[in-house]
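Q: So that you have it, the file is work.txt, and it contains compact mmCIF, C-alpha atoms:
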```txt
# COMPACT_ATOMS: atom_id res chain seq x y z
CA MET A 40 0.42 24.40 -18.52
CA ASN A 41 -3.06 22.98 -18.11
CA LEU A 42 -5.57 23.97 -15.39
CA PRO A 43 -4.91 21.01 -13.04
CA ASN A 44 -1.18 21.80 -13.08
CA LYS A 45 -1.90 25.50 -12.45
CA LEU A 46 -3.98 24.49 -9.42
CA THR A 47 -1.11 22.31 -8.18
CA VAL A 48 1.34 25.21 -8.57
CA ALA A 49 -1.10 27.48 -6.73
CA ARG A 50 -1.24 24.94 -3.89
CA ILE A 51 2.57 24.87 -3.71
CA ILE A 52 2.62 28.68 -3.54
CA LEU A 53 0.04 28.67 -0.73
CA ILE A 54 2.20 26.42 1.47
CA PRO A 55 4.77 29.09 2.49
CA VAL A 56 1.95 31.61 2.99
CA PHE A 57 0.23 29.09 5.29
CA VAL A 58 3.49 28.44 7.18
CA VAL A 59 4.29 32.14 7.65
CA LEU A 60 0.80 32.81 9.05
CA CYS A 61 1.24 29.94 11.49
CA VAL A 62 4.75 30.67 12.76
CA VAL A 63 5.19 34.47 12.61
CA PRO A 64 3.62 36.04 15.73
CA PHE A 65 1.28 38.46 13.98
CA GLN A 66 -1.08 40.21 16.39
CA PHE A 67 -4.37 40.43 14.49
CA GLY A 68 -6.48 39.68 17.54
CA GLU A 69 -8.77 36.78 18.36
CA VAL A 70 -12.26 35.61 17.58
CA ASN A 71 -14.41 33.88 20.20
CA TRP A 72 -16.94 31.46 18.71
CA ILE A 73 -19.00 28.93 20.64
CA GLY A 74 -16.39 28.44 23.36
CA SER A 75 -13.37 28.49 21.03
CA VAL A 76 -10.86 31.32 21.18
CA ILE A 77 -9.24 31.43 17.74
CA PRO A 78 -6.39 33.77 16.80
CA VAL A 79 -7.25 35.56 13.55
CA THR A 80 -3.96 34.35 12.03
CA SER A 81 -4.99 30.74 12.77
CA LEU A 82 -8.36 31.37 11.17
CA ILE A 83 -6.76 32.77 8.00
CA ALA A 84 -4.15 29.99 7.92
CA THR A 85 -6.89 27.38 8.29
CA LEU A 86 -8.85 28.89 5.41
CA ILE A 87 -5.70 28.76 3.27
CA PHE A 88 -5.15 25.13 4.29
CA ILE A 89 -8.74 24.24 3.36
CA ILE A 90 -8.50 26.03 0.00
CA ALA A 91 -5.21 24.26 -0.74
CA ALA A 92 -6.71 20.89 0.26
CA LEU A 93 -9.71 21.49 -1.99
CA THR A 94 -7.45 22.31 -4.93
CA ASP A 95 -5.83 18.91 -4.38
CA TRP A 96 -9.18 17.20 -4.93
CA PHE A 97 -10.23 19.54 -7.73
CA ASP A 98 -7.04 19.30 -9.82
CA GLY A 99 -7.09 15.50 -9.64
CA HIS A 100 -10.75 15.44 -10.64
CA LEU A 101 -10.14 17.72 -13.63
CA ALA A 102 -7.03 15.82 -14.74
CA ARG A 103 -8.89 12.49 -14.77
CA LYS A 104 -12.13 13.82 -16.25
CA TYR A 105 -10.49 15.66 -19.16
CA ASN A 106 -7.49 13.35 -19.56
CA LEU A 107 -5.06 16.13 -18.62
CA ILE A 108 -2.65 13.85 -16.79
CA THR A 109 0.98 14.94 -17.22
CA ASN A 110 4.33 13.85 -15.80
CA PHE A 111 4.54 17.21 -14.03
CA GLY A 112 1.16 16.57 -12.42
CA LYS A 113 2.10 13.01 -11.42
CA PHE A 114 5.15 14.41 -9.65
CA ALA A 115 3.97 17.77 -8.31
CA ASP A 116 0.44 16.89 -7.15
CA PRO A 117 1.37 14.26 -4.54
CA MET A 118 4.45 16.27 -3.54
CA ALA A 119 2.32 19.38 -2.90
CA ASP A 120 -0.13 17.32 -0.86
CA LYS A 121 2.65 15.79 1.28
CA LEU A 122 4.35 19.18 1.78
CA LEU A 123 1.10 20.84 2.88
CA VAL A 124 0.11 18.12 5.32
CA THR A 125 3.63 17.62 6.69
CA ALA A 126 4.05 21.37 7.25
CA ALA A 127 0.71 21.52 9.06
CA PHE A 128 1.52 18.56 11.29
CA ILE A 129 4.98 19.86 12.19
CA ILE A 130 3.53 23.27 13.07
CA LEU A 131 0.86 21.61 15.23
CA VAL A 132 3.58 19.74 17.13
CA GLU A 133 5.57 22.99 17.53
CA MET A 134 2.42 24.66 18.91
CA ASN A 135 1.96 21.76 21.40
CA ILE A 136 -1.42 20.92 19.90
CA ALA A 137 -0.68 17.55 18.26
CA PRO A 138 1.28 14.80 20.03
CA ALA A 139 4.65 14.35 18.32
CA TRP A 140 4.48 10.53 18.37
CA VAL A 141 1.23 10.54 16.39
CA VAL A 142 2.63 12.95 13.81
CA ILE A 143 5.83 10.88 13.51
CA LEU A 144 3.70 7.80 12.90
CA ILE A 145 1.62 9.48 10.18
CA ILE A 146 4.58 11.11 8.41
CA SER A 147 6.62 7.89 8.59
CA ARG A 148 3.78 6.03 6.93
CA GLU A 149 3.64 8.67 4.19
CA LEU A 150 7.36 8.34 3.50
CA ALA A 151 7.22 4.53 3.53
CA VAL A 152 4.24 4.35 1.15
CA THR A 153 5.86 6.93 -1.15
CA GLY A 154 8.98 4.73 -1.24
CA LEU A 155 6.83 1.69 -2.04
CA ARG A 156 5.16 3.60 -4.86
CA LEU A 157 8.58 4.44 -6.33
CA LEU A 158 9.62 0.79 -6.24
CA LEU A 159 6.39 -0.28 -7.92
CA VAL A 160 6.70 2.38 -10.63
CA GLU A 161 10.14 0.99 -11.51
CA GLY A 162 8.41 -2.32 -12.19
CA GLY A 163 5.69 -0.65 -14.26
CA GLU A 164 3.00 -0.89 -11.58
CA VAL A 165 0.92 1.88 -10.04
CA LEU A 166 -0.15 1.85 -6.41
CA ALA A 167 -3.63 3.35 -6.44
CA ALA A 168 -5.04 4.82 -3.27
CA GLY A 169 -7.05 2.20 -1.43
CA GLN A 170 -10.14 2.75 0.70
CA LEU A 171 -8.13 2.67 3.94
CA GLY A 172 -5.76 5.33 2.59
CA LYS A 173 -8.70 7.48 1.56
CA ILE A 174 -10.13 7.25 5.09
CA LYS A 175 -6.71 8.27 6.45
CA THR A 176 -6.63 11.27 4.12
CA PHE A 177 -10.21 12.29 4.95
CA THR A 178 -9.66 12.11 8.72
CA GLN A 179 -6.40 14.06 8.56
CA MET A 180 -8.05 16.77 6.44
CA ILE A 181 -10.69 17.11 9.18
CA ALA A 182 -8.26 16.86 12.12
CA ILE A 183 -5.82 19.51 10.92
CA PRO A 184 -8.33 22.41 10.56
CA LEU A 185 -10.04 21.43 13.83
CA MET A 186 -6.70 21.57 15.65
CA PHE A 187 -5.77 24.94 14.16
CA LEU A 188 -9.20 26.29 15.16
CA ASN A 189 -8.85 25.10 18.78
CA ASN A 190 -11.46 22.37 18.30
CA PHE A 191 -14.08 24.73 16.88
CA PRO A 192 -17.06 24.13 16.83
CA PHE A 193 -16.76 21.36 19.45
CA ALA A 194 -14.79 23.16 22.21
CA TRP A 195 -17.92 24.00 24.20
CA THR A 196 -18.66 20.26 24.60
CA GLY A 197 -15.32 19.54 26.27
CA ILE A 198 -14.82 16.67 23.83
CA ARG A 199 -11.55 16.87 21.87
CA VAL A 200 -13.05 15.99 18.49
CA ASP A 201 -9.87 17.30 16.85
CA LEU A 202 -7.74 14.73 18.67
CA ILE A 203 -10.29 11.97 18.04
CA PHE A 204 -9.94 12.58 14.30
CA LEU A 205 -6.14 12.70 14.67
CA TYR A 206 -6.06 9.33 16.45
CA VAL A 207 -8.45 7.82 13.91
CA CYS A 208 -6.15 9.17 11.19
CA ALA A 209 -3.14 7.54 12.89
CA PHE A 210 -5.00 4.24 13.15
CA PHE A 211 -5.86 4.23 9.45
CA ALA A 212 -2.36 5.45 8.56
CA VAL A 213 -0.88 2.36 10.20
CA TRP A 214 -3.57 -0.02 8.93
CA SER A 215 -3.43 1.25 5.36
CA GLY A 216 0.39 1.24 5.41
CA ILE A 217 0.46 -2.38 6.53
CA ASP A 218 -2.19 -3.21 3.92
CA TYR A 219 -0.23 -1.56 1.08
CA PHE A 220 2.99 -3.35 2.03
CA TYR A 221 1.29 -6.72 2.53
CA LYS A 222 -0.51 -6.57 -0.82
CA ASN A 223 2.68 -5.53 -2.61
CA ARG A 224 5.17 -7.69 -0.70
CA GLY A 225 6.18 -9.34 -3.98
CA VAL A 226 8.22 -6.25 -4.89
CA PHE A 227 10.76 -7.28 -2.22
CA LYS A 228 11.08 -10.96 -3.23
CA GLY A 229 14.64 -11.88 -4.08
CA SER A 230 16.01 -8.53 -2.98
CA MET A 231 16.82 -9.31 0.65
```
What is this file in structure tokens?
A:
Amino acid sequence: MNLPNKLTVARIILIPVFVVLCVVPFQFGEVNWIGSVIPVTSLIATLIFIIAALTDWFDGHLARKYNLITNFGKFADPMADKLLVTAAFIILVEMNIAPAWVVILIISRELAVTGLRLLLVEGGEVLAAGQLGKIKTFTQMIAIPLMFLNNFPFAWTGIRVDLIFLYVCAFFAVWSGIDYFYKNRGVFKGSM
């Protein structure tokens, strides 16, 4: 098993640790920073989320740079990413932090684009991440930690920067999803 795949496996292992820290009512106290009251468990869970998200970037970078791309990596890397983000969003809805309709929109887009990718792979094509999809990913990776940290470090301003990033993410999720399907509409020709 090469290093990128080990990082992917590590990310998969971190997901249940992240979930347990978020949903089990541990009483480790709170930290008060610049107007944000953050439970210590949320702080630790957020750090785990950030580490896991960074391994996603790092393993992909290593795999491409050193030509360490494997079938396991092609399968496990995007799956680990989707599991991590989906778990985080569902927990945020459960905690009444993220609006359910926004999370449903983002997750539905993920499932639809994953399905499109599968159809394209059958035809020998690869659906590379476009710029709009990259913006969606970037904004969700900012929104999720901000929401788990109670909008730290922006809480003192009264501006919900965490929700702004979430809504921007939802906007780009829809736009990029439409863009992917429009550009690849040929995959459905003759099948309806």
Q: Give the answer as one residue: which of A:Leu159, A:Leu171, A:Met186, A:Leu123 has the shortest atom-to-atom distance to A:Ala137, using only C-alpha atoms?
A: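 Smallest distance to A:Ala137 is found for A:Met186.
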Q: Stretch 53-56 of chain A: which residues within 9 Å, counting all atoms listed in the file, same-chain residues fewer than 2 positions away excluded, as a count of residues only?
A: 17
Q: What is the distance, in Å and to one decimal place, between atom CA of A:Thr85 and atom CA of A:Ile130?
A: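 Separation between atom CA of A:Thr85 and atom CA of A:Ile130: 12.2 Å.
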Q: Could you list, as a list in words, every residue within 8 Å of A:Val213, counting only C-alpha atoms and ignoring same-chain residues fewer than 2 positions away?
A: Leu144, Ile145, Arg148, Ala209, Phe210, Phe211, Ser215, Gly216 and Ile217 of chain A
Q: Check the smallest atom-to-atom distance from each of A:Leu202, A:Asn190, A:Ile77, A:Ile183 to A:Leu131 using all atoms listed in the file, then report the winner.
A: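 Of A:Leu202, A:Asn190, A:Ile77, A:Ile183, the one nearest A:Leu131, counting all atoms listed in the file, is A:Ile183.
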Q: With only C-alpha atoms counted, which protein, DNA or RNA residues have an atom no more than 12 Å from (-6.1, 17.0, -9.1) in the file frame? Please answer as JSON, numbers by chain.
A: {"A": [41, 42, 43, 44, 45, 46, 47, 48, 49, 50, 91, 92, 93, 94, 95, 96, 97, 98, 99, 100, 101, 102, 103, 104, 105, 106, 107, 108, 109, 111, 112, 113, 114, 115, 116, 117, 118, 119, 120]}
Q: For A:Met180, which of A:Ile89, A:Glu161, A:Ala168, A:Val152 is the closest residue, counting only C-alpha atoms?
A: A:Ile89
Q: Find the distance between atom CA of A:Ser147 and atom CA of A:Gln170 and write it in Å to one decimal.
A: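 Atom CA of A:Ser147 sits 19.2 Å away from atom CA of A:Gln170.
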Q: Applying 12 Å and all atoms listed in the file, which residues near A:Gly68 remain after dropping the ones on its own chain fewer than 6 positions away? List them as an MDAnalysis selection string.
A: chainID A and resid 76:83
Q: Would you work out the distance separating atom CA of A:Lys222 from atom CA of A:Lys121, expressed in Å to one decimal?
A: 22.7 Å
Q: I'd like to know which of A:Val141, A:Ala194, A:Leu205, A:Met134 is closest to A:Val62, using all atoms listed in the file.
A: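 Looking only at the distances to A:Val62, the closest residue turns out to be A:Met134.
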Q: Please determine the residues with any atom at most 12 Å from (-15.4, 30.0, 23.0) (coordinates as given in the file, with only C-alpha atoms counting) and report them as number ranges by chain.
A: A: 69-78, 188-197
Q: Adding 3 Å on each side of the box along x, y and z that holds all listed atoms of stretch 130-138 of chain A, could you give its centre and edge lengths in Å to one decimal, as JSON?
A:
```
{"center_x": 2.1, "center_y": 19.7, "center_z": 17.2, "size_x": 13.0, "size_y": 15.9, "size_z": 14.3}
```
Q: For A:Ile136, which of A:Ala182, A:Asn110, A:Ile174, A:Leu158 is the closest residue, counting all atoms listed in the file?
A: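 Nearest to A:Ile136: A:Ala182.
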Q: For a quick check of understanding, using all atoms listed in the file, which of A:Met40, A:Val226, A:Ala139, A:Ile181 has the smallest distance to A:Cys208?
A: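 Once distances to A:Cys208 are computed over all atoms listed in the file, the minimum belongs to A:Ile181.
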Q: I'd like the neighbourhood of A:Leu166 as an MDAnalysis selection string, where a residue qualifies if any of its atoms comes within 9 Å (using only C-alpha atoms), though same-chain residues fewer than 2 positions away should be ignored.
A: chainID A and resid 155:156 159:160 164 168:169 219 223
Q: Could you add the missing atoms to stretch 150-162 of chain A, up to N, CA and C atoms, and return them as a compact mmCIF listing (two decimals), in the frame of the given file?
A:
```txt
# COMPACT_ATOMS: atom_id res chain seq x y z
N LEU A 150 6.06 8.55 4.13
CA LEU A 150 7.36 8.34 3.50
C LEU A 150 7.52 6.89 3.05
N ALA A 151 7.09 5.95 3.88
CA ALA A 151 7.22 4.53 3.53
C ALA A 151 6.36 4.18 2.31
N VAL A 152 5.13 4.65 2.28
CA VAL A 152 4.24 4.35 1.15
C VAL A 152 4.74 5.05 -0.12
N THR A 153 5.28 6.25 0.02
CA THR A 153 5.86 6.93 -1.15
C THR A 153 7.03 6.12 -1.70
N GLY A 154 7.87 5.59 -0.81
CA GLY A 154 8.98 4.73 -1.24
C GLY A 154 8.48 3.48 -1.94
N LEU A 155 7.43 2.88 -1.41
CA LEU A 155 6.83 1.69 -2.04
C LEU A 155 6.31 2.03 -3.43
N ARG A 156 5.67 3.17 -3.54
CA ARG A 156 5.16 3.60 -4.86
C ARG A 156 6.30 3.73 -5.87
N LEU A 157 7.42 4.29 -5.44
CA LEU A 157 8.58 4.44 -6.33
C LEU A 157 9.11 3.08 -6.79
N LEU A 158 9.17 2.14 -5.86
CA LEU A 158 9.62 0.79 -6.24
C LEU A 158 8.66 0.14 -7.24
N LEU A 159 7.38 0.31 -7.03
CA LEU A 159 6.39 -0.28 -7.92
C LEU A 159 6.42 0.37 -9.30
N VAL A 160 6.63 1.68 -9.34
CA VAL A 160 6.70 2.38 -10.63
C VAL A 160 7.86 1.85 -11.45
N GLU A 161 8.98 1.55 -10.80
CA GLU A 161 10.14 0.99 -11.51
C GLU A 161 9.76 -0.31 -12.21
N GLY A 162 8.86 -1.06 -11.60
CA GLY A 162 8.41 -2.32 -12.19
C GLY A 162 7.20 -2.15 -13.10
```
